[in-house]
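Down below is the structure, laid out as structure tokens.
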Amino acid sequence: MARNPSASYSLTMRLEIPSEAGSFALVAAAVAVAEGDMGAIDLVRVSKDHTVRDITVSASDSEHGQRIIDEVRAVPGVTLVNVSDRTFLMHLGGKIEVSNKVPIKTRDDLSMAYTPGVARVCMAIAADVEKARTLTIKQNTVAVVTDGTAVLGLGDIGPEAAMPVMEGKAMLFKEFAGIDAWPLALNTKDTDEIIAIVKAIAPGFGGINLEDIAAPRCFEIEGRLRQELEIPVFHDDQHGTAVVVLAGLLNSAKLVQKRMDELKVVLVGVGAAGVAVSKLLLRAGVTDIVGCDREGSLYTGKKGLVGIKKWYAKHTNPRCFNGSAEEALRGADVFLGLSGPGAVSADAIRTMADDAIVFAMANPDPEVPPEEIQGDVRVIATGRSDYPNQINNVLCFPGMFRGALNAHATTINEEMNMAAARAIASVISEDELSEEYVIPSVFNKAVVEHVAEAVAEAALATGVARKDATHSHDVTEIYR
């Protein structure tokens, strides 16, 4: 089934069109024949014989974009001057930069920002390292760390190829939470080396966001860094996903009037995200989770299970169900897809219980096309922005780190994750809650505010906050 046109595959065509009545209509018709979505139409210049226009068109993928180009190129009398891919243009030269917070325009500015005045600030920090949170960027900075081994749905593409994603992550930190984030793409896959590098750079950061590191190494890397560092360490692919899934499920369960402890959940994709989602759901009161991988359900005693999957089988699937994901869906209340397209069929989804909840989160192609199950289930959520109910980690990590940094937290614990999930869910009032609105928009500014406040309060309540974030910092402290 063809995907809807998206800005991520948009292109701008510069066309030289004859100055004759009906010429542009032929161009528009060609775009329509190719099923493109025409957007902006900009006039570049006009002459007696020709008009030059920039036409922006959205496609569903690269092949669709080429089809649109070919149709337009075939229009009689129209010259295709050039084509620009808008997504690639956005990435030219990178998407982020460093800018100064204070100007340096005079000798006085220079003497305070750098030598000799800076020496006094250095000595103040040397005498009390905690002052680095007040007197340096540490109080508002996060390192976004990857080894490029599990980038989006692309897999192990290397640290250089991972950089556009890390830059994008840094942009989201800044845009949604005002946090300065630095992308750090590491040219190593060695677990011990990654841990050593992150520990070595930690003094300059208030938090560490691990990103796109493949399982099972990601579990050990995060676990050891949490033990060995006194700043928040957060693997977003695990816990960010878990927080947003729980937020959506809390509201979905409320909508269909089912308690969390009576939900029968089938989860497909027992990787880093799937394990973290399951752990948080268990903490939220869900008791019946059947996790499935390519070999079917995981259960206690299943041969061949090692590591995290052995743990998973022990702590989930209380009925010891032994079968395929499609078989497990019969009578289930919730399907959580964290795998890939085609993981389950629409027919299997139709065997679920009444008022079923389906979170098909594989991106860009969901486990089951939403169009095929529309009307067969009560709630549908995906990882895509062009369908209702987008399960997007940006609902979590900006507010999570904002709250943790505000509280000078030493870690991010499960109580903070739970608080974040409930805060996200609470943004939608009972009057607003509907089948197509169980999770708020990523552009809803109330999300970061709610999450940051809830996370800071949870950090304080669980004893991992060095500072009560509800009280403003007393500037006079820096002189003490």
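Ordering of the structure tokens sets the chain letters (A, B, ...), residue numbers begin anew at 1 in every chain, and ligands are numbered from 1 in the order given.
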
Give me the residues near Gly399 of chain A as an mmCIF file with N, CA and C atoms, in the first residue's frame, where near means some atom within 10 Å (using only C-alpha atoms) and where sequence neighbours in that chain fewer than 2 positions away do not count.
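For reference, part.cif as written:
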```
data_model
loop_
_atom_site.group_PDB
_atom_site.id
_atom_site.type_symbol
_atom_site.label_atom_id
_atom_site.label_comp_id
_atom_site.auth_asym_id
_atom_site.auth_seq_id
_atom_site.Cartn_x
_atom_site.Cartn_y
_atom_site.Cartn_z
ATOM 1 N N PHE A 173 16.412 19.048 21.295
ATOM 2 C CA PHE A 173 16.723 19.454 22.666
ATOM 3 C C PHE A 173 16.623 20.980 22.802
ATOM 4 N N PHE A 176 12.768 22.430 21.933
ATOM 5 C CA PHE A 176 11.669 22.114 22.834
ATOM 6 C C PHE A 176 11.989 22.354 24.308
ATOM 7 N N ALA A 177 13.273 22.299 24.687
ATOM 8 C CA ALA A 177 13.586 22.434 26.115
ATOM 9 C C ALA A 177 14.670 23.462 26.401
ATOM 10 N N GLY A 178 15.202 24.130 25.365
ATOM 11 C CA GLY A 178 16.229 25.136 25.591
ATOM 12 C C GLY A 178 17.550 24.559 26.055
ATOM 13 N N ILE A 179 17.777 23.266 25.804
ATOM 14 C CA ILE A 179 18.994 22.585 26.246
ATOM 15 C C ILE A 179 20.010 22.562 25.103
ATOM 16 N N VAL A 394 10.181 12.532 21.137
ATOM 17 C CA VAL A 394 10.380 13.947 21.440
ATOM 18 C C VAL A 394 9.372 14.436 22.485
ATOM 19 N N LEU A 395 8.327 13.655 22.708
ATOM 20 C CA LEU A 395 7.400 13.978 23.801
ATOM 21 C C LEU A 395 8.039 13.742 25.159
ATOM 22 N N CYS A 396 9.116 12.957 25.194
ATOM 23 C CA CYS A 396 9.726 12.588 26.469
ATOM 24 C C CYS A 396 11.058 13.273 26.742
ATOM 25 N N PHE A 397 12.064 13.022 25.877
ATOM 26 C CA PHE A 397 13.432 13.339 26.284
ATOM 27 C C PHE A 397 13.721 14.819 26.545
ATOM 28 N N PHE A 401 15.102 15.545 30.380
ATOM 29 C CA PHE A 401 16.394 16.157 30.712
ATOM 30 C C PHE A 401 16.231 17.547 31.308
ATOM 31 N N ARG A 402 15.207 18.298 30.877
ATOM 32 C CA ARG A 402 14.982 19.601 31.471
ATOM 33 C C ARG A 402 14.734 19.464 32.978
ATOM 34 N N GLY A 403 13.886 18.517 33.346
ATOM 35 C CA GLY A 403 13.603 18.296 34.756
ATOM 36 C C GLY A 403 14.804 17.782 35.511
ATOM 37 N N ALA A 404 15.551 16.839 34.895
ATOM 38 C CA ALA A 404 16.729 16.276 35.555
ATOM 39 C C ALA A 404 17.815 17.328 35.747
ATOM 40 N N LEU A 405 18.040 18.161 34.735
ATOM 41 C CA LEU A 405 19.043 19.220 34.851
ATOM 42 C C LEU A 405 18.621 20.268 35.875
ATOM 43 N N ALA A 420 7.150 10.952 34.162
ATOM 44 C CA ALA A 420 7.124 11.566 32.828
ATOM 45 C C ALA A 420 5.950 11.036 32.016
ATOM 46 N N ALA A 423 2.763 12.486 33.236
ATOM 47 C CA ALA A 423 2.682 13.911 32.897
ATOM 48 C C ALA A 423 2.279 14.100 31.445
ATOM 49 N N ILE A 424 2.844 13.301 30.551
ATOM 50 C CA ILE A 424 2.473 13.394 29.133
ATOM 51 C C ILE A 424 0.991 13.076 28.963
ATOM 52 N N ALA A 446 2.922 22.598 26.408
ATOM 53 C CA ALA A 446 2.618 22.168 27.776
ATOM 54 C C ALA A 446 3.303 20.851 28.113
ATOM 55 N N VAL A 447 3.664 20.070 27.084
ATOM 56 C CA VAL A 447 4.259 18.747 27.340
ATOM 57 C C VAL A 447 5.573 18.877 28.094
ATOM 58 N N VAL A 448 6.506 19.668 27.568
ATOM 59 C CA VAL A 448 7.815 19.811 28.219
ATOM 60 C C VAL A 448 7.650 20.383 29.618
ATOM 61 N N GLU A 449 6.777 21.352 29.776
ATOM 62 C CA GLU A 449 6.568 21.957 31.090
ATOM 63 C C GLU A 449 6.064 20.927 32.102
ATOM 64 N N HIS A 450 5.060 20.145 31.700
ATOM 65 C CA HIS A 450 4.499 19.134 32.593
ATOM 66 C C HIS A 450 5.532 18.057 32.931
ATOM 67 N N VAL A 451 6.243 17.591 31.912
ATOM 68 C CA VAL A 451 7.215 16.524 32.125
ATOM 69 C C VAL A 451 8.363 17.009 33.008
ATOM 70 N N ALA A 452 8.903 18.186 32.715
ATOM 71 C CA ALA A 452 10.036 18.704 33.497
ATOM 72 C C ALA A 452 9.672 18.856 34.965
ATOM 73 N N GLU A 453 8.500 19.400 35.228
ATOM 74 C CA GLU A 453 8.071 19.590 36.617
ATOM 75 C C GLU A 453 7.894 18.245 37.322
ATOM 76 N N ALA A 454 7.245 17.295 36.638
ATOM 77 C CA ALA A 454 6.997 15.983 37.248
ATOM 78 C C ALA A 454 8.303 15.230 37.488
ATOM 79 N N VAL A 455 9.235 15.312 36.550
ATOM 80 C CA VAL A 455 10.517 14.614 36.680
ATOM 81 C C VAL A 455 11.341 15.212 37.816
ATOM 82 N N ALA A 456 11.372 16.538 37.924
ATOM 83 C CA ALA A 456 12.121 17.184 39.007
ATOM 84 C C ALA A 456 11.539 16.811 40.367
#
```

Give me, as a count of residues only, all polymer residues having an atom no more than 6 Å from Met260 of chain A, counting only C-alpha atoms and skipping those fewer than 2 positions away in the same chain.
4

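Comparing the minimum interatomic distances between Ser10 of chain A and each of A:Asp85, A:Glu35, A:Asp49, A:Glu414, counting only C-alpha atoms, we find that A:Asp85 sits nearest.
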
Find the residues of segment 349-414 of chain A that sit at most 10 Å from segment 146-161 of chain A; for each, write down the nearest two atoms and how far apart they are in Å, to one decimal. Count only C-alpha atoms. Sort by chain, then by number going up, and give it as JSON lines.
```
{"residue": "A:Ala362", "atom": "CA", "partner": "A:Gly153", "partner_atom": "CA", "distance": 8.2}
{"residue": "A:Asn363", "atom": "CA", "partner": "A:Gly153", "partner_atom": "CA", "distance": 7.0}
{"residue": "A:Pro364", "atom": "CA", "partner": "A:Gly153", "partner_atom": "CA", "distance": 8.2}
{"residue": "A:Asp365", "atom": "CA", "partner": "A:Gly153", "partner_atom": "CA", "distance": 9.9}
```

Members of segment 371-458 of chain A assigned alpha helix (DSSP H) by DSSP, as a ChimeraX atom specification:
/A:371-373,397-406,414-426,446-458

Would you tabulate, counting only C-alpha atoms, all residues of segment 247-307 of chain A that have an atom at most 7 Å from an atom of segment 332-346 of chain A, showing the closest pair of atoms and their distance in Å to one decimal, sorted by chain then ascending number, as a tab-separated table?
```
residue	atom	partner	partner_atom	distance
A:Leu263	CA	A:Asp333	CA	5.8
A:Lys264	CA	A:Ala332	CA	5.1
A:Val265	CA	A:Val334	CA	4.7
A:Val266	CA	A:Phe335	CA	5.0
A:Leu267	CA	A:Leu336	CA	4.6
A:Val268	CA	A:Gly337	CA	5.1
A:Gly269	CA	A:Ser339	CA	4.6
A:Gly274	CA	A:Leu338	CA	6.3
```

Show me, as a PyMOL selection string, the residues that have an atom within 8 Å of segment 309-325 of chain A when counting only C-alpha atoms, minus same-chain residues fewer than 6 positions from it.
chain A and resi 266+268+270+275+287-293+295-300+344

Resulting file, chosen residues, N, CA and C atoms, as a PDB file, in the first residue's frame:
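File produced: selection36.pdb:
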```pdb
ATOM      1  N   VAL A 266       0.100  -7.952  23.812  1.00  0.00           N
ATOM      2  CA  VAL A 266       1.021  -8.701  22.952  1.00  0.00           C
ATOM      3  C   VAL A 266       2.018  -7.704  22.381  1.00  0.00           C
ATOM      4  N   VAL A 268       5.451  -7.254  20.007  1.00  0.00           N
ATOM      5  CA  VAL A 268       6.290  -7.885  18.981  1.00  0.00           C
ATOM      6  C   VAL A 268       7.543  -7.029  18.791  1.00  0.00           C
ATOM      7  N   VAL A 270      11.227  -7.900  20.773  1.00  0.00           N
ATOM      8  CA  VAL A 270      11.814  -7.884  22.117  1.00  0.00           C
ATOM      9  C   VAL A 270      13.272  -7.458  22.012  1.00  0.00           C
ATOM     10  N   VAL A 275      11.993  -4.361  25.519  1.00  0.00           N
ATOM     11  CA  VAL A 275      12.274  -4.727  26.912  1.00  0.00           C
ATOM     12  C   VAL A 275      11.955  -3.568  27.843  1.00  0.00           C
ATOM     13  N   THR A 287      -0.035  -6.893  34.022  1.00  0.00           N
ATOM     14  CA  THR A 287       0.468  -8.194  34.489  1.00  0.00           C
ATOM     15  C   THR A 287       0.570  -9.241  33.385  1.00  0.00           C
ATOM     16  N   ASP A 288      -0.165  -9.054  32.301  1.00  0.00           N
ATOM     17  CA  ASP A 288      -0.216 -10.068  31.246  1.00  0.00           C
ATOM     18  C   ASP A 288       0.406  -9.516  29.964  1.00  0.00           C
ATOM     19  N   ILE A 289       1.701  -9.746  29.778  1.00  0.00           N
ATOM     20  CA  ILE A 289       2.425  -9.316  28.580  1.00  0.00           C
ATOM     21  C   ILE A 289       3.035 -10.544  27.924  1.00  0.00           C
ATOM     22  N   VAL A 290       2.726 -10.737  26.654  1.00  0.00           N
ATOM     23  CA  VAL A 290       3.350 -11.810  25.879  1.00  0.00           C
ATOM     24  C   VAL A 290       4.261 -11.154  24.845  1.00  0.00           C
ATOM     25  N   GLY A 291       5.564 -11.341  25.019  1.00  0.00           N
ATOM     26  CA  GLY A 291       6.532 -10.797  24.081  1.00  0.00           C
ATOM     27  C   GLY A 291       6.889 -11.818  23.024  1.00  0.00           C
ATOM     28  N   CYS A 292       6.977 -11.369  21.764  1.00  0.00           N
ATOM     29  CA  CYS A 292       7.263 -12.277  20.654  1.00  0.00           C
ATOM     30  C   CYS A 292       8.416 -11.751  19.812  1.00  0.00           C
ATOM     31  N   ASP A 293       9.275 -12.669  19.398  1.00  0.00           N
ATOM     32  CA  ASP A 293      10.289 -12.339  18.402  1.00  0.00           C
ATOM     33  C   ASP A 293      10.030 -13.184  17.150  1.00  0.00           C
ATOM     34  N   GLU A 295      10.869 -16.069  16.407  1.00  0.00           N
ATOM     35  CA  GLU A 295      10.596 -17.477  16.710  1.00  0.00           C
ATOM     36  C   GLU A 295       9.324 -17.660  17.523  1.00  0.00           C
ATOM     37  N   GLY A 296       8.549 -16.612  17.676  1.00  0.00           N
ATOM     38  CA  GLY A 296       7.309 -16.730  18.430  1.00  0.00           C
ATOM     39  C   GLY A 296       7.422 -16.188  19.840  1.00  0.00           C
ATOM     40  N   SER A 297       6.539 -16.624  20.713  1.00  0.00           N
ATOM     41  CA  SER A 297       6.469 -16.068  22.064  1.00  0.00           C
ATOM     42  C   SER A 297       7.649 -16.514  22.922  1.00  0.00           C
ATOM     43  N   LEU A 298       8.006 -15.654  23.893  1.00  0.00           N
ATOM     44  CA  LEU A 298       9.032 -15.969  24.870  1.00  0.00           C
ATOM     45  C   LEU A 298       8.340 -16.443  26.149  1.00  0.00           C
ATOM     46  N   TYR A 299       8.808 -17.559  26.689  1.00  0.00           N
ATOM     47  CA  TYR A 299       8.197 -18.087  27.904  1.00  0.00           C
ATOM     48  C   TYR A 299       9.252 -18.834  28.713  1.00  0.00           C
ATOM     49  N   THR A 300       9.011 -18.965  30.001  1.00  0.00           N
ATOM     50  CA  THR A 300       9.947 -19.636  30.889  1.00  0.00           C
ATOM     51  C   THR A 300      10.187 -21.074  30.419  1.00  0.00           C
ATOM     52  N   VAL A 344       2.692  -8.590  11.722  1.00  0.00           N
ATOM     53  CA  VAL A 344       1.421  -9.289  11.943  1.00  0.00           C
ATOM     54  C   VAL A 344       0.473  -8.895  10.809  1.00  0.00           C
TER      55      VAL A 344
END
```

Could you tell me how far atom CA of Thr79 of chain A lies from atom CA of Pro18 of chain A, in Å and to one decimal?
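Atom CA of Thr79 of chain A sits 9.0 Å away from atom CA of Pro18 of chain A.
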
DSSP strand (DSSP E or B) selection over segment 163-393 of chain A, as number ranges by chain:
A: 180-185, 207-210, 233-235, 264-268, 288-293, 296-297, 334-337, 357-360, 374, 377, 379-382, 390

Generate the output file for the selected residues, N, CA and C atoms, as a compact mmCIF listing (two decimals), in the first residue's frame.
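result.txt, written as the output of this step:
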```txt
# COMPACT_ATOMS: atom_id res chain seq x y z
N ASP A 180 21.27 22.87 25.42
CA ASP A 180 22.33 22.79 24.44
C ASP A 180 22.86 21.36 24.40
N ALA A 181 22.78 20.73 23.22
CA ALA A 181 23.22 19.34 23.08
C ALA A 181 24.29 19.23 22.01
N TRP A 182 25.29 18.39 22.28
CA TRP A 182 26.39 18.17 21.37
C TRP A 182 26.34 16.74 20.83
N PRO A 183 26.35 16.56 19.50
CA PRO A 183 26.41 15.20 18.95
C PRO A 183 27.84 14.64 19.06
N LEU A 184 27.98 13.45 19.61
CA LEU A 184 29.27 12.80 19.71
C LEU A 184 29.15 11.41 19.07
N ALA A 185 29.64 11.27 17.83
CA ALA A 185 29.59 10.01 17.11
C ALA A 185 30.94 9.32 17.28
N GLY A 207 24.34 15.90 31.42
CA GLY A 207 23.64 14.65 31.19
C GLY A 207 24.15 13.97 29.94
N ILE A 208 23.89 12.66 29.84
CA ILE A 208 24.31 11.86 28.69
C ILE A 208 23.08 11.20 28.09
N ASN A 209 22.83 11.47 26.81
CA ASN A 209 21.75 10.81 26.07
C ASN A 209 22.38 9.80 25.11
N LEU A 210 22.22 8.51 25.43
CA LEU A 210 22.72 7.47 24.54
C LEU A 210 21.71 7.25 23.42
N VAL A 233 22.06 9.54 32.92
CA VAL A 233 22.36 8.78 31.70
C VAL A 233 21.05 8.16 31.24
N PHE A 234 20.69 8.39 29.98
CA PHE A 234 19.37 8.01 29.49
C PHE A 234 19.50 7.46 28.09
N HIS A 235 19.17 6.17 27.91
CA HIS A 235 19.16 5.59 26.57
C HIS A 235 17.77 5.81 25.99
N LYS A 264 -4.61 -7.50 28.41
CA LYS A 264 -3.78 -8.56 27.82
C LYS A 264 -3.00 -7.93 26.68
N VAL A 265 -1.68 -7.89 26.84
CA VAL A 265 -0.82 -7.17 25.91
C VAL A 265 0.04 -8.15 25.13
N VAL A 266 0.10 -7.95 23.81
CA VAL A 266 1.02 -8.70 22.95
C VAL A 266 2.02 -7.70 22.38
N LEU A 267 3.28 -7.96 22.63
CA LEU A 267 4.36 -7.07 22.16
C LEU A 267 5.23 -7.84 21.18
N VAL A 268 5.45 -7.25 20.01
CA VAL A 268 6.29 -7.89 18.98
C VAL A 268 7.54 -7.03 18.79
N ASP A 288 -0.17 -9.05 32.30
CA ASP A 288 -0.22 -10.07 31.25
C ASP A 288 0.41 -9.52 29.96
N ILE A 289 1.70 -9.75 29.78
CA ILE A 289 2.42 -9.32 28.58
C ILE A 289 3.03 -10.54 27.92
N VAL A 290 2.73 -10.74 26.65
CA VAL A 290 3.35 -11.81 25.88
C VAL A 290 4.26 -11.15 24.85
N GLY A 291 5.56 -11.34 25.02
CA GLY A 291 6.53 -10.80 24.08
C GLY A 291 6.89 -11.82 23.02
N CYS A 292 6.98 -11.37 21.76
CA CYS A 292 7.26 -12.28 20.65
C CYS A 292 8.42 -11.75 19.81
N ASP A 293 9.27 -12.67 19.40
CA ASP A 293 10.29 -12.34 18.40
C ASP A 293 10.03 -13.18 17.15
N GLY A 296 8.55 -16.61 17.68
CA GLY A 296 7.31 -16.73 18.43
C GLY A 296 7.42 -16.19 19.84
N SER A 297 6.54 -16.62 20.71
CA SER A 297 6.47 -16.07 22.06
C SER A 297 7.65 -16.51 22.92
N VAL A 334 -4.37 -5.36 23.65
CA VAL A 334 -3.38 -4.39 23.17
C VAL A 334 -2.34 -5.09 22.30
N PHE A 335 -2.03 -4.47 21.16
CA PHE A 335 -0.88 -4.89 20.35
C PHE A 335 0.13 -3.76 20.35
N LEU A 336 1.37 -4.08 20.71
CA LEU A 336 2.46 -3.11 20.67
C LEU A 336 3.50 -3.60 19.67
N GLY A 337 3.68 -2.88 18.58
CA GLY A 337 4.62 -3.25 17.55
C GLY A 337 5.90 -2.45 17.65
N ILE A 357 -6.68 -1.98 21.18
CA ILE A 357 -5.73 -0.87 21.08
C ILE A 357 -4.52 -1.36 20.30
N VAL A 358 -4.17 -0.66 19.21
CA VAL A 358 -3.06 -1.07 18.36
C VAL A 358 -2.04 0.05 18.26
N PHE A 359 -0.84 -0.20 18.76
CA PHE A 359 0.28 0.73 18.58
C PHE A 359 1.26 0.06 17.63
N ALA A 360 1.18 0.40 16.34
CA ALA A 360 2.07 -0.16 15.32
C ALA A 360 3.15 0.87 15.02
N GLN A 374 -8.65 0.06 10.03
CA GLN A 374 -9.51 1.16 10.44
C GLN A 374 -10.94 0.67 10.61
N VAL A 377 -10.58 -1.81 15.06
CA VAL A 377 -10.07 -1.64 16.42
C VAL A 377 -10.46 -0.25 16.91
N VAL A 379 -8.49 2.04 18.95
CA VAL A 379 -7.43 3.06 18.93
C VAL A 379 -6.27 2.56 18.08
N ILE A 380 -5.77 3.44 17.21
CA ILE A 380 -4.58 3.13 16.40
C ILE A 380 -3.56 4.24 16.61
N ALA A 381 -2.34 3.84 16.95
CA ALA A 381 -1.23 4.79 17.05
C ALA A 381 -0.07 4.25 16.23
N THR A 382 0.74 5.15 15.69
CA THR A 382 1.91 4.74 14.90
C THR A 382 3.08 5.63 15.28
N GLN A 390 0.73 10.01 17.11
CA GLN A 390 2.13 9.66 16.84
C GLN A 390 2.87 9.37 18.14
```

Please identify every residue of segment 388-480 of chain A that has at least one atom no farther than 10 Å from an atom of segment 252-257 of chain A, counting only C-alpha atoms, and for each give the shortest atom pair and the distance in Å to one decimal, arranged by chain then increasing number, as JSON lines.
```
{"residue": "A:Ala425", "atom": "CA", "partner": "A:Ser252", "partner_atom": "CA", "distance": 9.6}
{"residue": "A:Glu430", "atom": "CA", "partner": "A:Leu255", "partner_atom": "CA", "distance": 8.7}
{"residue": "A:Leu433", "atom": "CA", "partner": "A:Leu255", "partner_atom": "CA", "distance": 7.0}
{"residue": "A:Ser434", "atom": "CA", "partner": "A:Leu255", "partner_atom": "CA", "distance": 6.9}
{"residue": "A:Glu435", "atom": "CA", "partner": "A:Leu255", "partner_atom": "CA", "distance": 7.6}
{"residue": "A:Glu436", "atom": "CA", "partner": "A:Ser252", "partner_atom": "CA", "distance": 9.9}
{"residue": "A:Tyr437", "atom": "CA", "partner": "A:Ser252", "partner_atom": "CA", "distance": 9.0}
{"residue": "A:Val438", "atom": "CA", "partner": "A:Ser252", "partner_atom": "CA", "distance": 5.9}
{"residue": "A:Ile439", "atom": "CA", "partner": "A:Ser252", "partner_atom": "CA", "distance": 8.8}
```

Residues within 10 Å of Asn82 of chain A, only C-alpha atoms, excluding chain neighbours under 6 positions, as number ranges by chain
A: 12-16, 54

Could you list, as a ChimeraX atom specification, every residue within 7 Å of Ser60 of chain A, counting only C-alpha atoms and ignoring same-chain residues fewer than 5 positions away?
/A:3-6,9

Give me the residues near segment 24-30 of chain A as a PDB file with C-alpha atoms, in the first residue's frame, where near means some atom within 12 Å (using only C-alpha atoms) and where sequence neighbours in that chain fewer than 5 positions away do not count.
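Written file, result38.pdb:
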```
ATOM      1  CA  MET A  13      11.507  21.874  -9.413  1.00  0.00           C
ATOM      2  CA  ARG A  14      12.562  25.004 -11.274  1.00  0.00           C
ATOM      3  CA  LEU A  15      10.526  25.067 -14.473  1.00  0.00           C
ATOM      4  CA  GLU A  16      10.632  27.269 -17.542  1.00  0.00           C
ATOM      5  CA  ILE A  17       7.024  27.392 -18.725  1.00  0.00           C
ATOM      6  CA  PRO A  18       5.760  28.959 -21.974  1.00  0.00           C
ATOM      7  CA  SER A  19       3.875  32.233 -21.392  1.00  0.00           C
ATOM      8  CA  GLU A  35      -0.065  11.488  -7.504  1.00  0.00           C
ATOM      9  CA  GLY A  36       2.223  14.172  -6.110  1.00  0.00           C
ATOM     10  CA  ASP A  37       1.114  16.711  -3.509  1.00  0.00           C
ATOM     11  CA  MET A  38       1.789  20.211  -4.849  1.00  0.00           C
ATOM     12  CA  GLY A  39       2.712  22.859  -2.303  1.00  0.00           C
ATOM     13  CA  ILE A  41       4.463  27.864  -6.204  1.00  0.00           C
ATOM     14  CA  LEU A  43       7.526  33.089  -9.291  1.00  0.00           C
ATOM     15  CA  HIS A  50       8.561  32.218 -20.707  1.00  0.00           C
ATOM     16  CA  THR A  51       7.800  32.230 -17.004  1.00  0.00           C
ATOM     17  CA  VAL A  52      10.215  30.614 -14.545  1.00  0.00           C
ATOM     18  CA  ARG A  53       8.626  29.139 -11.443  1.00  0.00           C
ATOM     19  CA  ASP A  54       9.769  27.031  -8.482  1.00  0.00           C
ATOM     20  CA  ILE A  55       7.231  24.295  -7.799  1.00  0.00           C
ATOM     21  CA  THR A  56       7.436  22.388  -4.510  1.00  0.00           C
ATOM     22  CA  VAL A  57       5.952  18.892  -4.535  1.00  0.00           C
ATOM     23  CA  ARG A  67       7.985   9.522 -11.232  1.00  0.00           C
ATOM     24  CA  ILE A  68       6.772  13.056 -10.600  1.00  0.00           C
ATOM     25  CA  ILE A  69       9.911  14.485 -12.202  1.00  0.00           C
ATOM     26  CA  ASP A  70       9.507  12.259 -15.266  1.00  0.00           C
ATOM     27  CA  GLU A  71       5.846  13.266 -15.731  1.00  0.00           C
ATOM     28  CA  VAL A  72       6.660  16.977 -15.501  1.00  0.00           C
ATOM     29  CA  ARG A  73       9.674  16.644 -17.795  1.00  0.00           C
ATOM     30  CA  ALA A  74       7.378  15.103 -20.431  1.00  0.00           C
ATOM     31  CA  VAL A  75       5.038  18.119 -20.554  1.00  0.00           C
ATOM     32  CA  PRO A  76       5.370  19.700 -24.056  1.00  0.00           C
ATOM     33  CA  GLY A  77       7.164  23.057 -24.080  1.00  0.00           C
ATOM     34  CA  VAL A  78       8.179  22.900 -20.384  1.00  0.00           C
ATOM     35  CA  THR A  79      11.888  22.861 -19.523  1.00  0.00           C
ATOM     36  CA  LEU A  80      13.005  21.346 -16.222  1.00  0.00           C
TER      37      LEU A  80
END
```

Could you pull the residues within 12 Å of Glu193 of chain A, counting only C-alpha atoms, minus those fewer than 5 positions along the same chain, as number ranges by chain?
A: 147, 186-188, 198-200, 217, 221, 225

Keeping C-alpha atoms, export the residues of the selection given above as a short mmCIF file (atom, residue, chain, number, x, y, z; two decimals), in the first residue's frame.
```
data_model
loop_
_atom_site.label_atom_id
_atom_site.label_comp_id
_atom_site.auth_asym_id
_atom_site.auth_seq_id
_atom_site.Cartn_x
_atom_site.Cartn_y
_atom_site.Cartn_z
CA ASP A 147 28.34 4.47 17.78
CA LEU A 186 32.18 7.49 18.31
CA ASN A 187 34.32 5.45 15.92
CA THR A 188 34.28 2.32 18.08
CA VAL A 198 31.78 8.84 27.94
CA LYS A 199 33.25 8.86 31.45
CA ALA A 200 36.18 10.94 30.20
CA ARG A 217 25.57 -3.79 24.18
CA ILE A 221 26.74 0.52 28.41
CA LEU A 225 27.50 4.40 33.06
#
```

So, with only C-alpha atoms as the atoms that count, which of A:Lys303, A:Asn251, A:Leu329, A:Met416 lies closest to Pro440 of chain A?
A:Asn251

In Å, rounded to a single decimal, give me how far atom CA of Ala272 of chain A is from atom CA of Thr191 of chain A.
15.7 Å

Using only C-alpha atoms, which of the listed residues (A:Val243, A:Val83, A:Tyr114, A:Ile96) sits closest to Glu175 of chain A?
A:Ile96
